[in-house]
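S.K.: Next up is a structure, given as structure tokens.
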Amino acid sequence: MAGRNTGLPMYLLLVEDDLNLGKALHKLLREHFRVDWVRTLAAAQERFAAAGYDVLLLDLGLPDGDGVRWLEALRAAGCQTPVLIVSARDELDDRVKGLDRGADDYLVKPFEPEELLARIRVLLRRKAGSAQPRLEAGPLSYAPDSQQFYLDGAPLGVSPQERALLAVLIQAGGRPVSRERLLQQLYGLGDGVDSNTLEVRIHGLRRRLGRERIETVRGLGYRLVAS
Ligand code: CA
């Protein structure tokens, strides 16, 4: 098959719940790239956080949530991985806002395989040479592309919810982030959010990082302390 090259490092995450379409796309993409295929938002979040993908192919209507909301949360967390929305037209009509929420491109089902491959190549070319710098706050650092945190240089294990909150805090560069803004991040993950959820997550983060690392700023929210 033309273009087949198993040594190629390009690594794609395909999020598509439709079994037949997913199978067909997975087969097509595997001829050109390294690719993982998942069928739920939860699996996508887990895989995405665990591996460094070059491109994310995202269906919008997923059985356990809304792809656009997750995309929004990813962008808010500083992730710049190219995202191609692959969606049915009726999903897309009121979802063209997907582009506003951070998608790089979109493709309407049904489409020609060659068109999908061409769009992916454009995104990969655009991505080349645009690696993002790490952000730092004291002993904590963050690689936005992989969404990985490091504490004193060692990878830090955090839950998806903790990661989403910490990403917004570290990007604020020491400024306070409002409770509303942080709650939005949790909504983006489809997390069941009640009045205590944020406090519980912040408590979990303080346990991992040290109490003094996340300061409560009265009336303003929370801030990450750098020193
Ligand atoms: Ca779908």
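In the structure tokens, chains take letters A, B, ... by order of appearance, with residues numbered from 1 within each chain and ligands from 1 in the order shown.
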Please, which residues have at least one atom within 9 Å of an atom of ligand 1, using only C-alpha atoms and all ligand atoms, listed as number ranges by chain?

M.R.: A: 15-18, 39, 59-63, 87-88, 91

S.K.: Using only C-alpha atoms, which protein or nucleic acid residues come within 12 Å of Tyr142 (chain A)? Drop anything in the same chain fewer than 4 positions from it, and give the result as a count of residues only.

M.R.: 30

S.K.: How far is it from CA of Arg121 (chain A) to CA of His32 (chain A), in Å with one decimal?

M.R.: 10.4 Å

S.K.: Would you return as a ChimeraX atom specification the members of region 21-158 of chain A that DSSP assigns to alpha helix (DSSP H) on this structure's backbone?

M.R.: /A:21-30,41-50,67-76,89-93,97-100,113-127

S.K.: Print the selection's residues with N, CA and C atoms to a file, as a short mmCIF file (atom, residue, chain, number, x, y, z; two decimals), in the first residue's frame.

M.R.:
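Output saved as part-v3.cif:
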```cif
data_model
loop_
_atom_site.label_atom_id
_atom_site.label_comp_id
_atom_site.auth_asym_id
_atom_site.auth_seq_id
_atom_site.Cartn_x
_atom_site.Cartn_y
_atom_site.Cartn_z
N LEU A 21 -18.06 2.43 10.78
CA LEU A 21 -17.23 3.54 10.33
C LEU A 21 -15.88 3.51 11.05
N GLY A 22 -15.93 3.25 12.35
CA GLY A 22 -14.69 3.19 13.13
C GLY A 22 -13.75 2.13 12.60
N LYS A 23 -14.30 0.95 12.32
CA LYS A 23 -13.49 -0.15 11.78
C LYS A 23 -12.84 0.25 10.46
N ALA A 24 -13.65 0.85 9.59
CA ALA A 24 -13.15 1.23 8.27
C ALA A 24 -12.06 2.29 8.38
N LEU A 25 -12.31 3.29 9.22
CA LEU A 25 -11.32 4.35 9.38
C LEU A 25 -10.03 3.83 10.01
N HIS A 26 -10.21 2.97 11.01
CA HIS A 26 -9.05 2.41 11.70
C HIS A 26 -8.16 1.66 10.70
N LYS A 27 -8.83 0.88 9.85
CA LYS A 27 -8.09 0.10 8.85
C LYS A 27 -7.36 1.03 7.88
N LEU A 28 -8.06 2.04 7.40
CA LEU A 28 -7.46 3.00 6.46
C LEU A 28 -6.27 3.72 7.09
N LEU A 29 -6.48 4.22 8.29
CA LEU A 29 -5.44 5.04 8.93
C LEU A 29 -4.21 4.21 9.28
N ARG A 30 -4.46 2.96 9.67
CA ARG A 30 -3.35 2.09 10.06
C ARG A 30 -2.38 1.84 8.90
N LEU A 41 -16.02 8.84 25.04
CA LEU A 41 -15.30 10.01 25.50
C LEU A 41 -14.37 9.65 26.66
N ALA A 42 -14.87 8.81 27.55
CA ALA A 42 -14.07 8.42 28.71
C ALA A 42 -12.78 7.73 28.26
N ALA A 43 -12.90 6.81 27.30
CA ALA A 43 -11.72 6.10 26.80
C ALA A 43 -10.79 7.08 26.09
N ALA A 44 -11.37 8.04 25.37
CA ALA A 44 -10.56 9.03 24.65
C ALA A 44 -9.74 9.85 25.64
N GLN A 45 -10.37 10.29 26.70
CA GLN A 45 -9.68 11.11 27.70
C GLN A 45 -8.54 10.33 28.34
N GLU A 46 -8.82 9.07 28.62
CA GLU A 46 -7.81 8.23 29.26
C GLU A 46 -6.61 8.01 28.33
N ARG A 47 -6.91 7.65 27.07
CA ARG A 47 -5.84 7.39 26.12
C ARG A 47 -5.05 8.66 25.82
N PHE A 48 -5.78 9.74 25.63
CA PHE A 48 -5.13 11.00 25.25
C PHE A 48 -4.16 11.45 26.32
N ALA A 49 -4.57 11.24 27.56
CA ALA A 49 -3.71 11.67 28.67
C ALA A 49 -2.49 10.76 28.81
N ALA A 50 -2.62 9.52 28.34
CA ALA A 50 -1.55 8.55 28.56
C ALA A 50 -0.53 8.54 27.43
N GLY A 67 -18.18 15.73 22.30
CA GLY A 67 -16.80 15.94 21.89
C GLY A 67 -16.37 17.39 21.91
N VAL A 68 -17.29 18.29 21.62
CA VAL A 68 -16.93 19.72 21.58
C VAL A 68 -16.56 20.22 22.97
N ARG A 69 -17.29 19.77 23.96
CA ARG A 69 -17.00 20.22 25.33
C ARG A 69 -15.62 19.75 25.77
N TRP A 70 -15.29 18.53 25.41
CA TRP A 70 -13.97 18.02 25.76
C TRP A 70 -12.90 18.82 25.03
N LEU A 71 -13.15 19.08 23.76
CA LEU A 71 -12.19 19.86 22.97
C LEU A 71 -11.96 21.23 23.61
N GLU A 72 -13.02 21.83 24.04
CA GLU A 72 -12.92 23.13 24.68
C GLU A 72 -12.04 23.04 25.93
N ALA A 73 -12.27 21.99 26.70
CA ALA A 73 -11.48 21.82 27.92
C ALA A 73 -10.01 21.58 27.59
N LEU A 74 -9.75 20.82 26.53
CA LEU A 74 -8.37 20.56 26.13
C LEU A 74 -7.67 21.86 25.75
N ARG A 75 -8.35 22.68 24.97
CA ARG A 75 -7.74 23.95 24.54
C ARG A 75 -7.53 24.86 25.73
N ALA A 76 -8.51 24.87 26.63
CA ALA A 76 -8.38 25.70 27.83
C ALA A 76 -7.19 25.26 28.66
N ARG A 89 -23.46 15.49 9.26
CA ARG A 89 -23.86 16.87 8.96
C ARG A 89 -24.84 17.43 10.00
N ASP A 90 -25.79 16.59 10.43
CA ASP A 90 -26.77 17.14 11.37
C ASP A 90 -26.15 17.45 12.73
N GLU A 91 -25.07 16.72 13.07
CA GLU A 91 -24.36 17.06 14.29
C GLU A 91 -23.60 18.36 14.08
N LEU A 92 -23.13 18.52 12.85
CA LEU A 92 -22.23 19.64 12.59
C LEU A 92 -22.97 20.95 12.46
N ASP A 93 -24.20 20.90 11.91
CA ASP A 93 -24.90 22.14 11.62
C ASP A 93 -24.92 23.11 12.79
N LYS A 97 -19.54 25.65 15.51
CA LYS A 97 -18.83 26.32 16.59
C LYS A 97 -17.65 25.47 17.09
N GLY A 98 -17.64 24.19 16.69
CA GLY A 98 -16.49 23.35 17.03
C GLY A 98 -15.19 24.03 16.62
N LEU A 99 -15.24 24.72 15.51
CA LEU A 99 -14.04 25.43 15.05
C LEU A 99 -13.70 26.57 16.00
N ASP A 100 -14.73 27.24 16.47
CA ASP A 100 -14.49 28.32 17.43
C ASP A 100 -13.96 27.78 18.74
N PRO A 113 -11.98 8.64 1.55
CA PRO A 113 -10.79 8.35 2.35
C PRO A 113 -9.61 9.26 2.00
N GLU A 114 -9.44 9.51 0.70
CA GLU A 114 -8.29 10.33 0.28
C GLU A 114 -8.38 11.73 0.86
N GLU A 115 -9.60 12.23 1.00
CA GLU A 115 -9.76 13.56 1.56
C GLU A 115 -9.36 13.59 3.03
N LEU A 116 -9.76 12.56 3.76
CA LEU A 116 -9.38 12.48 5.17
C LEU A 116 -7.86 12.47 5.29
N LEU A 117 -7.21 11.63 4.49
CA LEU A 117 -5.73 11.52 4.57
C LEU A 117 -5.08 12.86 4.23
N ALA A 118 -5.63 13.54 3.23
CA ALA A 118 -5.05 14.83 2.83
C ALA A 118 -5.17 15.86 3.95
N ARG A 119 -6.33 15.88 4.60
CA ARG A 119 -6.53 16.84 5.70
C ARG A 119 -5.57 16.54 6.85
N ILE A 120 -5.38 15.26 7.13
CA ILE A 120 -4.47 14.89 8.22
C ILE A 120 -3.05 15.34 7.88
N ARG A 121 -2.66 15.15 6.62
CA ARG A 121 -1.31 15.57 6.22
C ARG A 121 -1.12 17.08 6.41
N VAL A 122 -2.15 17.85 6.11
CA VAL A 122 -2.06 19.30 6.30
C VAL A 122 -1.83 19.62 7.78
N LEU A 123 -2.59 18.95 8.63
CA LEU A 123 -2.44 19.22 10.06
C LEU A 123 -1.06 18.84 10.57
N LEU A 124 -0.56 17.72 10.07
CA LEU A 124 0.76 17.27 10.51
C LEU A 124 1.85 18.23 10.04
N ARG A 125 1.69 18.75 8.83
CA ARG A 125 2.68 19.72 8.33
C ARG A 125 2.65 20.98 9.18
N ARG A 126 1.43 21.39 9.52
CA ARG A 126 1.28 22.61 10.31
C ARG A 126 1.88 22.41 11.70
N LYS A 127 1.74 21.20 12.20
CA LYS A 127 2.22 20.92 13.55
C LYS A 127 3.74 20.89 13.63
#
```
